[in-house]
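For reference, start37.txt (compact mmCIF, C-alpha atoms):
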# COMPACT_ATOMS: atom_id res chain seq x y z
CA MET A 1 65.47 87.63 111.95
CA SER A 2 65.91 91.29 111.12
CA GLU A 3 64.43 92.76 107.98
CA THR A 4 67.85 93.70 106.69
CA ALA A 5 69.91 90.61 106.00
CA ALA A 6 73.54 90.89 107.02
CA LYS A 7 75.79 91.51 104.05
CA PRO A 8 78.16 88.62 103.39
CA ARG A 9 81.82 89.32 104.07
CA SER A 10 83.90 90.15 101.03
CA ARG A 11 86.64 87.79 99.87
CA VAL A 12 89.19 90.45 100.83
CA ALA A 13 87.93 90.41 104.40
CA ASP A 14 87.99 86.61 104.43
CA ALA A 15 91.54 86.65 103.07
CA PHE A 16 92.75 88.93 105.86
CA ILE A 17 90.95 86.86 108.49
CA VAL A 18 92.38 83.53 107.27
CA VAL A 19 95.91 84.61 106.37
CA GLY A 20 96.05 87.08 109.25
CA GLY A 21 94.92 84.30 111.56
CA MET A 22 97.78 82.09 110.38
CA LEU A 23 100.21 84.95 110.95
CA ALA A 24 98.78 85.57 114.43
CA LEU A 25 99.34 81.89 115.24
CA MET A 26 102.98 82.25 114.17
CA TRP A 27 103.38 85.16 116.59
CA VAL A 28 101.73 83.24 119.43
CA LEU A 29 103.99 80.24 118.81
CA GLU A 30 107.08 82.44 118.75
CA GLY A 31 105.97 83.92 122.08
CA ILE A 32 105.67 80.40 123.49
CA ASP A 33 109.05 79.52 121.99
CA THR A 34 110.62 82.54 123.67
CA VAL A 35 109.12 81.74 127.08
CA THR A 36 110.19 78.09 126.83
CA LEU A 37 113.76 79.00 125.78
CA ASN A 38 113.37 77.90 122.15
CA ALA A 39 111.77 74.55 122.97
CA LEU A 40 109.69 74.66 119.76
CA ASP A 41 112.71 74.97 117.46
CA SER A 42 113.24 71.22 117.59
CA PHE A 43 109.90 70.75 115.83
CA GLY A 44 111.34 72.13 112.59
CA VAL A 45 112.29 69.84 109.71
CA GLN A 46 115.43 67.89 110.64
CA SER A 47 117.15 66.77 107.47
CA TRP A 48 117.40 63.05 106.84
CA VAL A 49 115.62 62.14 110.10
CA PRO A 50 112.60 60.01 109.08
CA ALA A 51 110.65 60.80 112.25
CA SER A 52 110.96 64.51 111.38
CA LEU A 53 109.06 64.23 108.11
CA VAL A 54 105.76 64.93 109.87
CA ASN A 55 107.23 68.29 110.99
CA VAL A 56 106.93 69.43 107.38
CA LEU A 57 103.27 70.17 108.12
CA TRP A 58 103.83 72.74 110.87
CA SER A 59 107.39 73.97 110.38
CA PRO A 60 106.18 77.07 108.43
CA PHE A 61 104.52 78.27 111.65
CA LEU A 62 107.77 78.14 113.64
CA HIS A 63 110.63 80.65 113.49
CA PHE A 64 114.11 81.00 114.91
CA GLY A 65 113.58 84.21 116.84
CA TRP A 66 111.66 87.44 116.46
CA PRO A 67 113.80 88.96 113.67
CA HIS A 68 113.15 85.84 111.55
CA LEU A 69 109.39 86.09 112.13
CA ILE A 70 109.24 89.86 111.66
CA GLY A 71 111.11 89.58 108.34
CA ASN A 72 108.59 87.02 107.09
CA SER A 73 105.41 88.66 108.41
CA VAL A 74 104.66 91.37 105.84
CA PRO A 75 105.45 89.36 102.68
CA PHE A 76 103.53 86.38 104.08
CA LEU A 77 100.47 88.52 104.75
CA VAL A 78 100.58 90.44 101.45
CA LEU A 79 101.31 87.49 99.17
CA GLY A 80 99.05 85.14 101.11
CA VAL A 81 96.10 87.54 100.82
CA LEU A 82 96.71 88.06 97.09
CA THR A 83 96.81 84.30 96.60
CA TYR A 84 93.61 83.85 98.62
CA LEU A 85 91.85 86.28 96.28
CA SER A 86 92.21 83.63 93.55
CA GLY A 87 89.70 81.64 95.57
CA PRO A 88 89.80 79.81 98.91
CA ALA A 89 90.17 76.36 97.30
CA ARG A 90 93.08 77.52 95.11
CA TRP A 91 94.73 79.18 98.10
CA LEU A 92 94.31 76.03 100.18
CA PHE A 93 95.75 73.81 97.46
CA THR A 94 98.71 76.13 96.92
CA THR A 95 99.34 76.45 100.65
CA VAL A 96 99.25 72.71 101.40
CA PHE A 97 101.17 71.69 98.27
CA THR A 98 103.84 74.35 98.82
CA THR A 99 104.20 73.46 102.49
CA ILE A 100 104.82 69.81 101.64
CA VAL A 101 107.16 70.36 98.68
CA SER A 102 109.17 73.08 100.42
CA GLY A 103 109.53 70.93 103.53
CA LEU A 104 110.57 67.88 101.53
CA PHE A 105 113.22 69.89 99.68
CA ALA A 106 114.57 71.11 103.02
CA TRP A 107 114.53 67.58 104.46
CA LEU A 108 116.18 65.99 101.45
CA LEU A 109 118.70 68.62 100.31
CA SER A 110 119.88 70.23 103.54
CA PRO A 111 123.10 69.02 105.19
CA LEU A 112 122.63 66.27 107.77
CA GLY A 113 121.61 67.63 111.16
CA THR A 114 120.12 70.86 109.79
CA ILE A 115 116.81 72.04 111.28
CA THR A 116 114.64 74.17 108.98
CA ALA A 117 111.63 76.25 110.03
CA GLY A 118 109.87 79.41 108.94
CA ALA A 119 107.27 80.69 106.52
CA SER A 120 109.69 81.67 103.76
CA GLY A 121 109.05 78.49 101.76
CA LEU A 122 105.36 79.42 101.67
CA ILE A 123 106.24 83.00 100.78
CA PHE A 124 108.22 81.78 97.77
CA GLY A 125 105.31 79.53 96.81
CA TYR A 126 102.81 82.38 96.93
CA LEU A 127 105.19 84.64 95.03
CA THR A 128 105.83 82.28 92.13
CA TYR A 129 102.17 81.23 92.05
CA LEU A 130 101.14 84.84 91.54
CA LEU A 131 103.83 85.41 88.90
CA ALA A 132 103.03 82.23 86.96
CA ARG A 133 99.25 82.66 87.26
CA GLY A 134 99.36 85.83 85.17
CA ILE A 135 101.33 84.00 82.48
CA TYR A 136 98.96 81.04 82.37
CA THR A 137 95.65 82.93 82.48
CA ARG A 138 96.69 85.87 80.27
CA LYS A 139 94.05 87.95 82.05
CA LEU A 140 94.96 91.61 82.22
CA GLY A 141 94.13 92.03 85.91
CA GLN A 142 96.20 89.02 86.94
CA ILE A 143 99.08 90.08 84.68
CA LEU A 144 99.07 93.49 86.38
CA VAL A 145 99.15 91.78 89.78
CA SER A 146 102.09 89.70 88.56
CA VAL A 147 103.97 92.82 87.45
CA VAL A 148 103.36 94.64 90.73
CA VAL A 149 104.31 91.56 92.78
CA PHE A 150 107.48 91.12 90.74
CA LEU A 151 108.47 94.76 91.17
CA ALA A 152 107.83 94.59 94.93
CA TYR A 153 109.23 91.15 95.72
CA GLY A 154 111.02 89.84 92.65
CA SER A 155 114.45 90.41 94.13
CA VAL A 156 113.81 87.82 96.84
CA LEU A 157 113.87 85.13 94.15
CA LEU A 158 117.63 85.20 94.53
CA GLY A 159 116.94 83.34 97.76
CA VAL A 160 116.67 80.09 95.80
CA LEU A 161 120.46 80.26 95.36
CA PRO A 162 122.90 79.09 98.06
CA THR A 163 124.32 82.56 98.66
CA GLN A 164 123.66 83.24 102.35
CA MET A 165 124.74 81.15 105.32
CA GLY A 166 121.95 80.10 107.67
CA VAL A 167 119.19 80.67 105.08
CA SER A 168 117.46 77.61 103.66
CA TRP A 169 117.73 78.03 99.91
CA GLN A 170 116.48 74.44 99.76
CA ALA A 171 113.10 75.38 101.28
CA HIS A 172 112.97 78.50 99.10
CA LEU A 173 113.64 76.50 95.94
CA GLY A 174 111.04 73.88 96.85
CA GLY A 175 108.48 76.58 97.59
CA ALA A 176 109.20 78.40 94.32
CA ILE A 177 108.83 75.21 92.28
CA ALA A 178 105.62 74.30 94.11
CA GLY A 179 104.14 77.74 93.44
CA VAL A 180 104.75 77.46 89.70
CA ALA A 181 103.41 73.90 89.68
CA SER A 182 100.29 75.02 91.55
CA ALA A 183 99.65 77.80 89.04
CA TRP A 184 100.07 75.34 86.18
CA TYR A 185 97.73 72.80 87.79
CA LEU A 186 95.07 75.34 88.75
CA HIS A 187 95.20 77.65 85.71
CA GLY A 188 97.37 76.27 82.92
CA ARG A 189 95.34 73.11 82.39
CA ASP A 190 92.08 75.08 82.17
CA ARG A 191 93.55 77.31 79.48
CA ARG A 192 94.67 74.34 77.41
CA ARG A 193 91.20 72.78 77.66
CA SER A 194 89.53 75.98 76.48
CA THR A 195 92.01 76.28 73.61
CA VAL A 196 91.40 72.73 72.46
CA ALA A 197 87.59 72.95 72.77
Could you render the structure as structure tokens?
Amino acid sequence: MSETAAKPRSRVADAFIVVGGMLALMWVLEGIDTVTLNALDSFGVQSWVPASLVNVLWSPFLHFGWPHLIGNSVPFLVLGVLTYLSGPARWLFTTVFTTIVSGLFAWLLSPLGTITAGASGLIFGYLTYLLARGIYTRKLGQILVSVVVFLAYGSVLLGVLPTQMGVSWQAHLGGAIAGVASAWYLHGRDRRRSTVA
């Protein structure tokens, strides 16, 4: 072993490796989807088809074409990294919980025969998690992050409304609700305990 121990990676570096790795997988899968003439699209969430419920777990990694993936890539990376900086366990909980809730909303509320895929449900979950976290913790740094995130991405919250054809407001709404619920579970309860104690 060398005399100088290797410095541990920073959480920022870990965040870019993990979230960037997820994004890279999305790009690889879209490449496969393109080569196979959209064969992966059928693995999205098909509303009201019981066998499709398992697709909730991987539908965020699939997209309906390159423009769909490109539009999701930057907000997914930025908001995913910022969420990861809350801690890997909190990021993992928020990611898994949001994936499931967003997918279930798409499965339950979309018209029969609709197939839903894409990372936008997760993006909405990360966004509302970051916004609600600042409210629950009342920590200046996290409030500032909330303000910056809102100024940069707040307008996309309109995506929870059924205003645009071909866009799953159902998945967006489920993701947004899951993000707030995650922030409450991970931060709001701790604040109440410290207030009571």
In terms of the shortest atom-to-atom distance over all atoms listed in the file, which of A:Met22, A:Leu104, A:Leu37, A:Leu130 is closest to Val49 of chain A?
A:Leu104
Which residue of A:Val167, A:Ala183, A:Leu79, A:Ala51 approaches Val19 of chain A most closely, using all atoms listed in the file
A:Leu79
So, counting only C-alpha atoms, which residue among A:Ser102, A:Thr137, A:Gln142, A:Ser52 is closest to Gly179 of chain A?
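Going through A:Ser102, A:Thr137, A:Gln142, A:Ser52 one by one, the smallest distance to Gly179 of chain A is for A:Ser102.
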Counting all atoms listed in the file, what is within 12 Å of Ala24 of chain A, bar same-chain residues fewer than 6 positions away, as a PyMOL selection string?
chain A and resi 16-18+30-31+61-62+69-70+73-74+76-77
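Atom CA of Gly44 of chain A is found 7.3 Å from atom CA of Val56 of chain A.
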If you count all atoms listed in the file, which residues fall within 9 Å of His172 of chain A, apart from same-chain ones fewer than 2 positions away, as an MDAnalysis selection string?
chainID A and resid 102 105:106 120:125 157 159:161 167:170 174:177
Neighbouring residues of Phe93 of chain A were defined as those with any atom within 9 Å, considering all atoms listed in the file; residues of the same chain fewer than 5 positions away were excluded. Please report them as an NGL selection string.
:A and (88 or 98 or 182 or 186)
Just give me the residues with any atom within 12 Å of (98.6, 92.4, 88.9), file coordinates, counting all atoms listed in the file, written as number ranges by chain.
A: 79, 82-83, 85-86, 127, 130-135, 137-152
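Interatomic distance, atom CA of Met26 of chain A to atom CA of Gly154 of chain A: 24.2 Å.
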Just how far from atom CA of Thr94 of chain A is atom CA of Gly21 of chain A, in Å to one decimal?
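Between these atoms lies a distance of 17.2 Å.
The shortest atom-to-atom distance to Gly113 of chain A, with all atoms listed in the file taken into account, belongs to A:Val45 out of A:Val156, A:Leu57, A:Leu92, A:Val45.
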Selected residue of minimal separation from Val78 of chain A among A:Val12, A:Leu40, A:Val96, A:Val54, counting all atoms listed in the file:
A:Val12
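Considering all atoms listed in the file, the residue among A:Leu158, A:Ala171, A:Val35, A:Ala178 positioned nearest to Ala119 of chain A is A:Ala171.
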Draw an axis-aligned box tight on the listed atoms of segment 53-68 of chain A, then pad every side by 8 Å and write out centre and edge lengths in Å to one decimal as AutoDock Vina command-line options.
--center_x 108.7 --center_y 76.6 --center_z 112.1 --size_x 26.8 --size_y 40.7 --size_z 25.5
